Each structure stands twice: as C-alpha cells, then as structure tokens.
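Coordinates from data25.pdb are shown below (PDB, C-alpha atoms).
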```
ATOM      1  CA  MET A   1      40.703  49.596 -19.241
ATOM      2  CA  GLN A   2      37.479  51.564 -19.278
ATOM      3  CA  SER A   3      35.785  49.025 -21.557
ATOM      4  CA  ALA A   4      36.676  46.245 -19.128
ATOM      5  CA  ILE A   5      34.695  47.831 -16.291
ATOM      6  CA  PRO A   6      31.267  47.679 -18.012
ATOM      7  CA  SER A   7      32.104  44.132 -19.100
ATOM      8  CA  GLN A   8      32.850  43.124 -15.516
ATOM      9  CA  LEU A   9      29.709  44.849 -14.296
ATOM     10  CA  SER A  10      27.679  43.040 -16.946
ATOM     11  CA  LEU A  11      29.222  39.708 -15.953
ATOM     12  CA  ALA A  12      28.507  40.350 -12.278
ATOM     13  CA  HIS A  13      24.920  41.316 -13.123
ATOM     14  CA  ARG A  14      24.438  38.131 -15.133
ATOM     15  CA  SER A  15      25.932  36.045 -12.329
ATOM     16  CA  GLY A  16      23.597  37.689  -9.804
ATOM     17  CA  SER A  17      20.607  37.158 -12.074
ATOM     18  CA  LEU A  18      21.567  33.509 -12.538
ATOM     19  CA  GLN A  19      21.797  32.981  -8.780
ATOM     20  CA  GLU A  20      18.461  34.712  -8.227
ATOM     21  CA  SER A  21      16.892  32.657 -11.013
ATOM     22  CA  PHE A  22      18.300  29.407  -9.589
ATOM     23  CA  ALA A  23      17.111  30.277  -6.086
ATOM     24  CA  GLY A  24      13.751  31.383  -7.464
ATOM     25  CA  LYS A  25      13.263  28.002  -9.103
ATOM     26  CA  THR A  26      14.770  25.824  -6.374
ATOM     27  CA  LEU A  27      13.167  27.254  -3.238
ATOM     28  CA  PRO A  28       9.550  26.680  -4.370
ATOM     29  CA  VAL A  29      10.410  23.065  -5.249
ATOM     30  CA  ILE A  30      11.948  22.454  -1.814
ATOM     31  CA  GLY A  31       9.049  24.255  -0.153
ATOM     32  CA  ALA A  32       6.616  22.045  -2.084
ATOM     33  CA  THR A  33       8.209  18.880  -0.688
ATOM     34  CA  ALA A  34       7.871  20.285   2.834
ATOM     35  CA  PHE A  35       4.202  21.101   2.183
ATOM     36  CA  VAL A  36       3.459  17.576   0.910
ATOM     37  CA  ALA A  37       5.349  16.085   3.871
ATOM     38  CA  ALA A  38       3.314  18.180   6.323
ATOM     39  CA  CYS A  39       0.066  17.066   4.680
ATOM     40  CA  ALA A  40       1.257  13.439   4.756
ATOM     41  CA  HIS A  41       1.413  13.653   8.548
ATOM     42  CA  ILE A  42      -2.236  14.673   8.689
ATOM     43  CA  SER A  43      -3.569  11.151   8.388
ATOM     44  CA  LEU A  44      -6.311   8.903   9.674
ATOM     45  CA  PRO A  45      -5.607   5.144   9.736
ATOM     46  CA  LEU A  46      -8.576   3.047   8.654
ATOM     47  CA  PRO A  47      -9.096  -0.295  10.427
ATOM     48  CA  PHE A  48     -10.205  -2.223   7.336
ATOM     49  CA  THR A  49      -7.374  -1.259   4.936
ATOM     50  CA  PRO A  50      -3.603  -0.647   5.179
ATOM     51  CA  ILE A  51      -4.049   2.560   3.170
ATOM     52  CA  PRO A  52      -4.535   5.559   5.477
ATOM     53  CA  LEU A  53      -6.655   8.597   4.705
ATOM     54  CA  THR A  54      -4.281  11.566   4.301
ATOM     55  CA  LEU A  55      -4.029  15.032   2.778
ATOM     56  CA  GLN A  56      -1.099  14.008   0.544
ATOM     57  CA  ASN A  57      -3.144  13.838  -2.662
ATOM     58  CA  PHE A  58      -4.554  17.302  -2.004
ATOM     59  CA  ALA A  59      -1.034  18.673  -1.533
ATOM     60  CA  VAL A  60       0.332  16.965  -4.657
ATOM     61  CA  ILE A  61      -2.492  18.320  -6.826
ATOM     62  CA  LEU A  62      -2.115  21.838  -5.443
ATOM     63  CA  VAL A  63       1.675  21.743  -5.910
ATOM     64  CA  GLY A  64       1.276  20.608  -9.509
ATOM     65  CA  MET A  65      -1.165  23.395 -10.366
ATOM     66  CA  ALA A  66       0.901  26.041  -8.553
ATOM     67  CA  LEU A  67       4.359  25.117  -9.881
ATOM     68  CA  GLY A  68       3.456  23.817 -13.336
ATOM     69  CA  PRO A  69       4.172  20.448 -14.935
ATOM     70  CA  VAL A  70       7.988  20.530 -14.939
ATOM     71  CA  ALA A  71       8.611  22.031 -11.503
ATOM     72  CA  GLY A  72       5.738  20.024 -10.011
ATOM     73  CA  PHE A  73       7.168  16.792 -11.418
ATOM     74  CA  SER A  74      10.640  17.721 -10.117
ATOM     75  CA  ALA A  75       9.279  18.539  -6.665
ATOM     76  CA  MET A  76       7.631  15.140  -6.368
ATOM     77  CA  ILE A  77      10.775  13.331  -7.560
ATOM     78  CA  LEU A  78      12.676  15.187  -4.838
ATOM     79  CA  TYR A  79       9.967  14.250  -2.329
ATOM     80  CA  LEU A  80      10.329  10.550  -3.168
ATOM     81  CA  ALA A  81      14.118  10.826  -2.934
ATOM     82  CA  GLU A  82      13.821  12.428   0.503
ATOM     83  CA  GLY A  83      11.576   9.607   1.636
ATOM     84  CA  ALA A  84      13.835   6.938   0.160
ATOM     85  CA  LEU A  85      16.747   8.401   2.147
ATOM     86  CA  GLY A  86      14.766   7.934   5.337
ATOM     87  CA  LEU A  87      13.628  11.502   5.972
ATOM     88  CA  PRO A  88      10.258  11.620   7.810
ATOM     89  CA  VAL A  89       8.225  12.869   4.833
ATOM     90  CA  PHE A  90       5.857   9.933   4.353
ATOM     91  CA  THR A  91       2.694   9.151   6.316
ATOM     92  CA  PRO A  92       3.855   7.614   9.641
ATOM     93  CA  SER A  93       0.971   5.128   9.746
ATOM     94  CA  GLY A  94       1.646   3.979   6.181
ATOM     95  CA  GLY A  95       4.546   1.703   7.064
ATOM     96  CA  PRO A  96       8.276   1.751   7.847
ATOM     97  CA  PRO A  97      10.458   4.665   6.689
ATOM     98  CA  GLY A  98      12.781   4.763   3.710
ATOM     99  CA  MET A  99      12.771   2.431   0.710
ATOM    100  CA  ALA A 100      10.679  -0.120   2.619
ATOM    101  CA  HIS A 101       7.813   2.378   2.614
ATOM    102  CA  LEU A 102       8.122   2.940  -1.121
ATOM    103  CA  LEU A 103       7.969  -0.812  -1.706
ATOM    104  CA  GLY A 104       5.065  -1.343   0.700
ATOM    105  CA  PRO A 105       1.314  -1.410  -0.021
ATOM    106  CA  ASN A 106       1.193   2.362  -0.536
ATOM    107  CA  GLY A 107       4.134   2.463  -2.947
ATOM    108  CA  GLY A 108       2.008   2.824  -6.059
ATOM    109  CA  PHE A 109       0.310   5.918  -4.696
ATOM    110  CA  LEU A 110       3.669   7.497  -3.884
ATOM    111  CA  PHE A 111       5.207   6.686  -7.267
ATOM    112  CA  SER A 112       2.178   8.237  -8.983
ATOM    113  CA  TYR A 113       2.824  11.656  -7.443
ATOM    114  CA  PRO A 114       5.267  12.994 -10.073
ATOM    115  CA  LEU A 115       2.803  12.076 -12.843
ATOM    116  CA  ALA A 116      -0.127  13.504 -10.901
ATOM    117  CA  ALA A 117       1.641  16.822 -10.261
ATOM    118  CA  ALA A 118       2.697  17.068 -13.911
ATOM    119  CA  ALA A 119      -0.842  16.300 -15.077
ATOM    120  CA  ALA A 120      -2.358  18.916 -12.763
ATOM    121  CA  GLY A 121       0.100  21.581 -13.901
ATOM    122  CA  TRP A 122      -0.253  20.819 -17.607
ATOM    123  CA  VAL A 123      -4.060  20.559 -17.694
ATOM    124  CA  VAL A 124      -4.705  23.720 -15.694
ATOM    125  CA  ARG A 125      -2.420  25.756 -17.963
ATOM    126  CA  ALA A 126      -3.905  24.255 -21.104
ATOM    127  CA  LEU A 127      -7.482  25.035 -20.030
ATOM    128  CA  GLN A 128      -7.079  28.454 -18.412
ATOM    129  CA  PRO A 129      -7.235  30.397 -21.712
ATOM    130  CA  VAL A 130     -10.525  28.722 -22.706
ATOM    131  CA  THR A 131     -12.527  28.387 -19.492
ATOM    132  CA  LEU A 132     -13.024  29.807 -16.005
ATOM    133  CA  ARG A 133     -10.181  29.531 -13.483
ATOM    134  CA  PHE A 134     -12.124  27.355 -11.052
ATOM    135  CA  ARG A 135     -13.445  25.093 -13.797
ATOM    136  CA  SER A 136      -9.993  24.585 -15.301
ATOM    137  CA  ALA A 137      -8.568  23.860 -11.844
ATOM    138  CA  LEU A 138     -11.396  21.407 -11.156
ATOM    139  CA  VAL A 139     -10.711  19.499 -14.376
ATOM    140  CA  ALA A 140      -6.951  19.552 -13.689
ATOM    141  CA  ALA A 141      -7.400  18.236 -10.137
ATOM    142  CA  THR A 142      -9.673  15.468 -11.386
ATOM    143  CA  ALA A 143      -7.214  14.520 -14.134
ATOM    144  CA  ALA A 144      -4.380  14.397 -11.586
ATOM    145  CA  THR A 145      -6.373  12.022  -9.393
ATOM    146  CA  LEU A 146      -6.592   9.408 -12.156
ATOM    147  CA  PRO A 147      -2.912   8.341 -12.167
ATOM    148  CA  ILE A 148      -2.950   8.323  -8.366
ATOM    149  CA  PHE A 149      -5.788   5.812  -8.275
ATOM    150  CA  LEU A 150      -4.599   3.788 -11.276
ATOM    151  CA  LEU A 151      -1.012   3.305 -10.122
ATOM    152  CA  GLY A 152      -1.931   3.156  -6.451
ATOM    153  CA  THR A 153      -4.593   0.490  -6.748
ATOM    154  CA  GLY A 154      -2.639  -1.446  -9.387
ATOM    155  CA  TRP A 155       0.388  -1.743  -7.128
ATOM    156  CA  PHE A 156      -1.796  -2.473  -4.076
ATOM    157  CA  ALA A 157      -3.538  -5.345  -5.890
ATOM    158  CA  TYR A 158      -0.181  -6.775  -6.984
ATOM    159  CA  TYR A 159       1.436  -6.342  -3.563
ATOM    160  CA  ALA A 160      -1.434  -7.803  -1.526
ATOM    161  CA  HIS A 161      -2.537 -10.367  -4.159
ATOM    162  CA  HIS A 162      -6.085  -9.034  -4.002
ATOM    163  CA  SER A 163      -8.799  -9.551  -6.579
ATOM    164  CA  LEU A 164     -10.275  -6.652  -8.498
ATOM    165  CA  SER A 165     -13.357  -6.533  -6.266
ATOM    166  CA  ALA A 166     -11.287  -6.632  -3.073
ATOM    167  CA  THR A 167      -8.996  -3.881  -4.372
ATOM    168  CA  TRP A 168     -12.024  -1.791  -5.315
ATOM    169  CA  SER A 169     -13.530  -2.110  -1.827
ATOM    170  CA  LEU A 170     -10.250  -1.581   0.060
ATOM    171  CA  ALA A 171      -8.381   1.018  -2.015
ATOM    172  CA  VAL A 172     -10.998   2.946  -3.974
ATOM    173  CA  VAL A 173     -14.520   3.102  -2.531
ATOM    174  CA  PRO A 174     -13.600   4.315   1.002
ATOM    175  CA  PHE A 175     -11.571   7.179  -0.440
ATOM    176  CA  ILE A 176     -13.932   8.546  -3.100
ATOM    177  CA  PRO A 177     -15.816  11.018  -0.824
ATOM    178  CA  GLY A 178     -12.545  12.356   0.580
ATOM    179  CA  GLU A 179     -11.002  12.693  -2.880
ATOM    180  CA  ILE A 180     -13.985  14.713  -4.075
ATOM    181  CA  VAL A 181     -13.503  17.110  -1.152
ATOM    182  CA  LYS A 182      -9.741  17.354  -1.847
ATOM    183  CA  ILE A 183     -10.314  18.038  -5.555
ATOM    184  CA  ILE A 184     -12.807  20.821  -4.840
ATOM    185  CA  ALA A 185     -10.601  22.303  -2.098
ATOM    186  CA  ALA A 186      -7.468  22.279  -4.282
ATOM    187  CA  ALA A 187      -9.347  23.838  -7.199
ATOM    188  CA  GLY A 188     -10.903  26.476  -4.970
ATOM    189  CA  ILE A 189      -7.636  27.466  -3.303
ATOM    190  CA  PHE A 190      -5.710  27.581  -6.581
ATOM    191  CA  SER A 191      -8.335  29.640  -8.422
ATOM    192  CA  SER A 192      -8.682  32.029  -5.463
ATOM    193  CA  VAL A 193      -4.912  32.591  -5.291
ATOM    194  CA  GLN A 194      -4.781  33.145  -9.070
ATOM    195  CA  ARG A 195      -7.608  35.662  -8.865
ATOM    196  CA  TRP A 196      -5.914  37.483  -5.982
ATOM    197  CA  ARG A 197      -2.552  37.638  -7.796
ATOM    198  CA  ARG A 198      -4.118  39.103 -10.928
ATOM    199  CA  SER A 199      -6.321  41.631  -9.159
TER     200      SER A 199
END
```

Give the structure from this file in structure tokens form.
Amino acid sequence: MQSAIPSQLSLAHRSGSLQESFAGKTLPVIGATAFVAACAHISLPLPFTPIPLTLQNFAVILVGMALGPVAGFSAMILYLAEGALGLPVFTPSGGPPGMAHLLGPNGGFLFSYPLAAAAAGWVVRALQPVTLRFRSALVAATAATLPIFLLGTGWFAYYAHHSLSATWSLAVVPFIPGEIVKIIAAAGIFSSVQRWRRS
C-alpha cells in the first residue's frame, strides 16, 4: 500500500507536467495568431493595386523568430484555418472573409506565411551561434520575406493574368520600402528581447 502512494504521486506529477507542457506550447501559438490578426487590421489600401499595405508580414516574421520553425509554422497553419472558417483575422480591405479571401488576389501571400515563419525561426537559430543577435535576426527576416514575395506575386500574377512587368509594378515595387522597415523592426525587436531575457 505504501509503495502505491509514491507511484500515484509520481503519476499525478507527470500528468500535471504534461498539462503544463501542453499549455506552455499551445498558448503561445494561439497568442501568435491573435498578434498576426491584430497586425492584419493595421492596413492601408493602395488605389493602384488590390494588395493592401499591412503589418502582417512583420508579425509573421517576428512570430517565426520568437516561436521557432515548428511552432511558428503551426501558428500560421492555425491562423489560415481560423481565416478559412470565417473568423475576422485577415485584412478587412483585402477581400471577402473566409475561403474566398484565401482564393483571392492576396491568397499567395497568406499561404506563404507558414513557410515564412518556419524560415525565420530556422535561420535565426542556425545563425545565432556564429554571429551577432541583430545580424542573425536581420538575415532571418530577409530570408522569410523571400517566400512571401515569391508565392504572393506568383499567385497574384496567375489570379489576375498579369504579365511579369505588371506584377512587378503592382505587387513588388510599391512594397519594397515598407518591407525593409518591417525587416529592420522585426530584427531589432527580436534581438532586443533576446538580449533582455539573457541579461
């Protein structure tokens, strides 16, 4: 009887640790989707293109670096699922809610987010042992921007039947200055938080 008590205590401890571990992994992922959704609603429609200027990319990059490749990828899959179900997580000016938004002109940008978050998380962790925090974050944020532009502009060209030059002028050139600012801001915030946590 006495030996059963420590066994039960051990089982209860393991169960508690499992619940804490599950909550510890799940809550940041859910919080990340809320953060990206909030940044998606900070948008500026542009009169010459159906693609609005938003803070989504900044949020996706920061989430990827903060959570890591696996959790960042999972968070963005959950974000897309929330949007597909009709939750108001996408940019309001980007089109109708739900699946129609995912299949609209901005769909390629949205579908790139899991890859972008995974790239940001993987690159920043791979480079941190060999270079400065800010420099590794800067490279990671830049690397994460590549799939966003590649998939986003590729889908936009296919959806709108635009030529390469038209796609370049409508979906790339107007956004380059803003993307540079977002990359630097994401890298700066991430490296500052890392420095603060380790101090």

Next item on the list: Given the file shown, enumerate the residues that the PyMOL selection byres ((chain A and resi 156) around 9) captures and present them as JSON, numbers by chain.
Entry: {"A": [104, 105, 106, 107, 108, 109, 151, 152, 153, 154, 155, 157, 158, 159, 160, 161, 162, 167, 171]}

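For the pair CA of Ile189 in chain A and CA of Arg133 in chain A, the interatomic distance is 10.7 Å.
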
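Rounded to one decimal, CA of Ala117 in chain A and CA of Pro177 in chain A lie 20.7 Å from each other.
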
Notebook entry, point to check: Which polymer residues have any atom within 10 Å of an atom of range 136-146 of chain A, counting all atoms listed in the file, with same-chain residues fewer than 3 positions away left out, as a PyMOL selection string?
Noted result: chain A and resi 57-58+60-62+64-65+112-133+149-152+179-180+182-191

Using only C-alpha atoms, I'd like a table of the residues in range 115-185 of chain A that come within 9 Å of range 44-53 of chain A; for each, show the closest atom pair and its distance in Å rounded to one decimal, ordered by chain and ascending number, as a Markdown table.
```
| residue | atom | partner | partner_atom | distance |
| --- | --- | --- | --- | --- |
| A:Leu170 | CA | A:Thr49 | CA | 5.7 |
| A:Ala171 | CA | A:Ile51 | CA | 6.9 |
| A:Pro174 | CA | A:Leu53 | CA | 9.0 |
| A:Phe175 | CA | A:Leu53 | CA | 7.3 |
| A:Gly178 | CA | A:Leu53 | CA | 8.1 |
```

Notebook entry, point to check: Where does the PyMOL selection byres ((chain A and resi 22-34) around 10) land in this file, that is, which residues does it pick, as a PyMOL selection string?
Noted result: chain A and resi 16-21+35-40+59-60+62-64+66-67+71-80+82+89

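Candidate residues A:Gln194, A:Gln56, A:Ser43, A:Ser163 were compared for distance to Ser93 in chain A, and the nearest is A:Ser43, using only C-alpha atoms.
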
Check: Please, what distance in Å, to one decimal, runs between CA of Ser165 in chain A and CA of Thr91 in chain A?
Finding: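 We find that CA of Ser165 in chain A and CA of Thr91 in chain A lie 25.7 Å from each other.
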
Next item on the list: Translate the PyMOL selection byres ((chain A and resi 84) around 10), as applied to the file shown, into an explicit residue set as an MDAnalysis selection string.
Entry: chainID A and resid 78:83 85:90 97:103
